[in-house]
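Below is run04.txt, which holds compact mmCIF, C-alpha atoms.
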# COMPACT_ATOMS: atom_id res chain seq x y z
CA MET A 1 -0.60 -14.93 -1.61
CA ASP A 2 1.57 -15.03 -4.73
CA ASP A 3 0.65 -13.47 -8.09
CA HIS A 4 -0.68 -16.70 -9.61
CA GLU A 5 -3.01 -17.27 -6.67
CA ALA A 6 -4.09 -13.62 -6.71
CA VAL A 7 -4.92 -13.83 -10.43
CA ALA A 8 -6.78 -17.12 -9.95
CA ARG A 9 -8.82 -15.63 -7.12
CA LEU A 10 -9.55 -12.52 -9.14
CA GLN A 11 -10.61 -14.57 -12.14
CA ALA A 12 -12.97 -16.46 -9.82
CA GLY A 13 -14.48 -13.15 -8.70
CA ASP A 14 -12.69 -12.90 -5.34
CA LEU A 15 -11.61 -9.27 -4.85
CA ARG A 16 -8.96 -10.31 -2.34
CA GLY A 17 -6.89 -11.23 -5.39
CA LEU A 18 -7.06 -7.63 -6.61
CA GLU A 19 -6.26 -6.36 -3.12
CA ALA A 20 -3.10 -8.48 -3.06
CA LEU A 21 -2.01 -7.18 -6.47
CA VAL A 22 -2.69 -3.58 -5.47
CA ARG A 23 -0.61 -3.98 -2.32
CA ARG A 24 2.24 -5.58 -4.23
CA TYR A 25 2.38 -3.26 -7.26
CA GLN A 26 0.78 0.05 -6.29
CA VAL A 27 4.00 1.79 -5.26
CA GLN A 28 5.92 0.97 -8.44
CA ALA A 29 2.89 1.69 -10.60
CA LEU A 30 2.40 5.11 -9.02
CA ARG A 31 6.05 6.01 -9.40
CA ALA A 32 6.04 5.01 -13.07
CA ALA A 33 2.83 6.94 -13.72
CA PHE A 34 4.18 9.98 -11.91
CA LEU A 35 7.37 9.99 -13.95
CA ILE A 36 5.32 9.82 -17.15
CA ALA A 37 2.65 12.36 -16.16
CA GLY A 38 4.77 14.72 -14.08
CA GLU A 39 1.80 15.36 -11.82
CA ARG A 40 0.74 13.42 -8.74
CA ALA A 41 -3.04 13.70 -9.12
CA LEU A 42 -2.92 12.58 -12.73
CA ALA A 43 -0.61 9.68 -11.80
CA GLU A 44 -2.96 8.58 -9.02
CA ASP A 45 -5.92 8.68 -11.43
CA ALA A 46 -3.95 6.66 -13.99
CA VAL A 47 -2.99 3.96 -11.47
CA GLN A 48 -6.53 3.70 -10.17
CA GLU A 49 -7.82 3.38 -13.74
CA ALA A 50 -5.11 0.81 -14.56
CA PHE A 51 -6.12 -1.45 -11.67
CA LEU A 52 -9.75 -1.07 -12.71
CA ARG A 53 -8.81 -2.11 -16.26
CA LEU A 54 -6.86 -5.07 -14.91
CA TYR A 55 -9.93 -6.12 -12.93
CA ARG A 56 -12.29 -5.73 -15.90
CA GLY A 57 -10.02 -7.66 -18.28
CA ILE A 58 -8.71 -10.33 -15.91
CA ARG A 59 -10.79 -13.12 -17.47
CA ARG A 60 -8.84 -12.68 -20.73
CA PHE A 61 -5.48 -12.82 -18.93
CA ASP A 62 -3.46 -16.03 -19.25
CA PRO A 63 -2.75 -17.05 -15.61
CA GLY A 64 0.43 -18.82 -16.72
CA ARG A 65 2.06 -15.50 -17.61
CA PRO A 66 3.55 -13.05 -15.10
CA VAL A 67 1.11 -10.33 -14.14
CA ALA A 68 3.61 -7.52 -13.43
CA PRO A 69 4.60 -6.76 -17.05
CA TYR A 70 0.94 -6.92 -18.09
CA LEU A 71 -0.08 -4.52 -15.32
CA TYR A 72 2.78 -2.12 -15.97
CA ARG A 73 1.87 -2.00 -19.66
CA ILE A 74 -1.68 -1.05 -18.63
CA VAL A 75 -0.29 1.62 -16.26
CA VAL A 76 1.92 3.15 -18.96
CA ASN A 77 -0.81 3.13 -21.62
CA THR A 78 -3.42 4.50 -19.24
CA THR A 79 -1.09 7.27 -18.08
CA LEU A 80 -0.20 8.23 -21.64
CA ASN A 81 -3.88 8.35 -22.57
CA LEU A 82 -4.73 10.56 -19.58
CA VAL A 83 -1.80 12.89 -20.30
CA ARG A 84 -2.94 13.24 -23.92
CA ARG A 85 -6.56 13.75 -22.91
CA GLU A 86 -5.61 16.41 -20.32
CA GLY A 87 -3.20 18.08 -22.75
CA ARG A 88 -0.41 18.06 -20.16
CA ASP A 89 2.37 16.66 -22.26
CA PHE A 90 5.90 17.37 -21.06
CA SER A 91 9.33 16.09 -21.93
CA LEU A 92 12.22 15.29 -19.61
CA GLU A 93 14.60 16.08 -22.51
CA GLN A 94 13.30 19.62 -22.83
CA MET A 95 13.24 20.11 -19.07
CA PRO A 96 16.21 21.83 -17.39
CA LEU A 97 18.39 19.33 -15.51
CA GLN A 98 17.59 20.85 -12.12
CA GLN A 99 13.85 20.58 -12.74
CA ALA A 100 14.19 16.95 -13.94
CA GLU A 101 16.17 16.07 -10.80
CA ALA A 102 13.49 17.72 -8.66
CA LEU A 103 10.83 15.66 -10.44
CA LEU A 104 12.74 12.42 -9.77
CA THR A 105 13.15 13.39 -6.11
CA GLN A 106 9.44 14.13 -5.89
CA ALA A 107 8.72 10.69 -7.41
CA GLU A 108 10.73 9.10 -4.62
CA THR A 109 8.71 11.11 -2.09
CA VAL A 110 5.44 9.95 -3.66
CA GLU A 111 6.69 6.36 -3.49
CA SER A 112 7.61 6.77 0.19
CA GLU A 113 4.21 8.23 1.00
CA VAL A 114 2.42 5.33 -0.69
CA GLU A 115 4.59 2.79 1.13
CA ARG A 116 3.90 4.54 4.44
CA ALA A 117 0.16 4.56 3.74
CA LEU A 118 0.21 0.85 2.86
CA LEU A 119 2.09 0.06 6.07
CA ALA A 120 -0.34 2.16 8.09
CA ALA A 121 -3.26 0.27 6.52
CA GLN A 122 -1.63 -3.07 7.37
CA ILE A 123 -1.07 -1.97 10.96
CA GLU A 124 -4.64 -0.71 11.25
CA GLU A 125 -5.92 -4.02 9.90
CA ALA A 126 -3.70 -5.94 12.34
CA LEU A 127 -4.89 -3.80 15.26
CA ALA A 128 -8.48 -4.63 14.35
CA ALA A 129 -7.62 -8.33 14.80
CA LEU A 130 -6.55 -7.76 18.43
CA SER A 131 -8.90 -7.96 21.38
CA PRO A 132 -10.22 -4.60 22.59
CA ARG A 133 -7.99 -4.75 25.68
CA GLN A 134 -4.89 -5.54 23.56
CA ARG A 135 -5.76 -2.67 21.21
CA ALA A 136 -6.17 -0.36 24.20
CA VAL A 137 -2.69 -1.08 25.61
CA ILE A 138 -1.07 -0.70 22.16
CA VAL A 139 -2.87 2.60 21.54
CA GLN A 140 -2.06 3.94 25.00
CA ARG A 141 1.61 2.99 24.81
CA TYR A 142 2.51 3.75 21.19
CA TYR A 143 -0.06 6.26 19.98
CA LEU A 144 -0.65 8.22 23.18
CA GLY A 145 2.86 7.75 24.57
CA MET A 146 1.68 6.70 28.03
CA SER A 147 4.16 5.07 30.41
CA GLU A 148 3.51 1.65 31.92
CA ARG A 149 2.84 3.34 35.26
CA GLU A 150 0.23 5.67 33.70
CA MET A 151 -1.38 2.74 31.92
CA ALA A 152 -1.50 0.68 35.13
CA ARG A 153 -3.29 3.55 36.87
CA ALA A 154 -5.73 3.99 33.96
CA PHE A 155 -6.57 0.27 33.93
CA GLY A 156 -6.48 -0.08 37.71
CA VAL A 157 -3.98 -2.97 37.54
CA SER A 158 -0.33 -3.58 38.40
CA ARG A 159 2.57 -2.65 36.10
CA GLY A 160 3.30 -6.37 35.76
CA THR A 161 -0.15 -6.90 34.28
CA ILE A 162 0.43 -4.06 31.82
CA LYS A 163 3.79 -5.55 30.84
CA ARG A 164 2.15 -8.92 30.21
CA LEU A 165 -0.67 -7.33 28.20
CA LEU A 166 1.82 -5.35 26.10
CA HIS A 167 4.01 -8.41 25.54
CA ASN A 168 1.05 -10.53 24.41
CA ALA A 169 -0.35 -7.75 22.20
CA ARG A 170 3.02 -7.11 20.52
CA ARG A 171 3.58 -10.82 19.97
CA ARG A 172 0.13 -11.16 18.38
CA LEU A 173 0.76 -8.10 16.18
CA ARG A 174 4.09 -9.51 15.01
CA ARG A 175 2.42 -12.80 14.17
CA ILE A 176 -0.41 -11.11 12.27
CA LEU A 177 1.90 -8.74 10.37
CA GLY A 178 4.35 -11.54 9.68
CA GLU A 179 1.60 -13.69 8.18
CA GLU A 180 0.48 -10.84 5.90
CA ARG A 181 3.97 -10.23 4.56
CA ARG A 182 4.66 -13.82 3.58
CA PRO A 183 4.51 -14.36 -0.19
Would it be possible to restate this file's structure as structure tokens?
Amino acid sequence: MDDHEAVARLQAGDLRGLEALVRRYQVQALRAAFLIAGERALAEDAVQEAFLRLYRGIRRFDPGRPVAPYLYRIVVNTTLNLVRREGRDFSLEQMPLQQAEALLTQAETVESEVERALLAAQIEEALAALSPRQRAVIVQRYYLGMSEREMARAFGVSRGTIKRLLHNARRRLRRILGEERRP
């Protein structure tokens, strides 16, 4: 779903539009908020509040305009307001170079963690779309690290059956995940 469709859905009251926007922009929004606030918890609060403000004001948004600059402006303003309210103002200019570099490195780590969490959520959602038997072979093989022989014994079937089940489950997962990633 592209941004225009996500905005249209959101304006019609469909929260899947907001979900699509969160998935697309959460990582960059969190990184920006973190670099402004200098604190992860405050940045997370700011991003959550920014998406809530986007949701509340979406009816006033012109769907012909790009949503990213509008959202990022909300993120920046919300973060600045929270920093002021919390009294945690800091300046990169006054910060020693080593500390500023550490902050930028930490921002990259925060971004990586968010991306990993989003991927994990997508995989969890895709696993839920599989049949119970397909989920079982995926979990046994990739989460529990069982060999095909161990899985065949556990299921009481041949290794060939396990190979077929794994092949079909992986193919279905690729199809599901591929569909979700299309714009």
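The residue that comes closest to Leu71 of chain A, out of A:Asp3, A:Asp45, A:Glu125, A:Glu150 and on the basis of all atoms listed in the file, is A:Asp3.
For the pair atom CA of Lys163 of chain A and atom CA of Met146 of chain A, the interatomic distance is 12.7 Å.
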* **Nearest to Arg164 of chain A, chosen from A:Ala20, A:Arg65, A:Ala152, A:Ile123, with all atoms listed in the file counted in the distances** => A:Ala152
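Proximity of A:Val67, A:Val137, A:Ile176, A:Ala46 to Arg159 of chain A, computed with all atoms listed in the file, is greatest for A:Val137.
Between atom CA of Leu15 of chain A and atom CA of Gln48 of chain A lies a distance of 14.9 Å.
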* Work out how far atom CA of Val76 of chain A is from atom CA of Gln28 of chain A, in Å to one decimal. => 11.5 Å
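With only C-alpha atoms as the atoms that count, the minimum distance from Arg174 of chain A to the choices A:Leu30, A:Met1, A:Ala129, A:Ala43 is reached by A:Ala129.
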I'd like the box whose edges run along x, y and z of the file and which contains every listed atom of segment 131-141 of chain A, padded by 4 Å per side; could you state its centre and edge lengths in Å, one decimal, as JSON?
{"center_x": -4.3, "center_y": -2.0, "center_z": 23.4, "size_x": 19.8, "size_y": 19.9, "size_z": 12.5}
* For Phe51 of chain A, work out the shell of residues within 12 Å, counting only C-alpha atoms and skipping chain neighbours fewer than 2 positions away, then give it as a ChimeraX atom specification. => /A:10,15,17-26,29-30,44-49,53-58,67-68,70-76,78-79
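Shortest separation to Ala121 of chain A among A:Arg171, A:Gly38, A:Thr161, A:Leu177 occurs at residue A:Leu177, atoms counted being only C-alpha atoms.
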* Asked: Which residues, written as a PyMOL selection string, have at least one atom at most 9 Å from Gln134 of chain A, with all atoms listed in the file counted and residues fewer than 2 positions away on the same chain left out?
  -> chain A and resi 127+130-132+136-139+165-166+168-170
* **Shortest interatomic distance to Ile36 of chain A - which of A:Pro63, A:Leu80, A:Ala8, A:Leu119, counting all atoms listed in the file** => A:Leu80
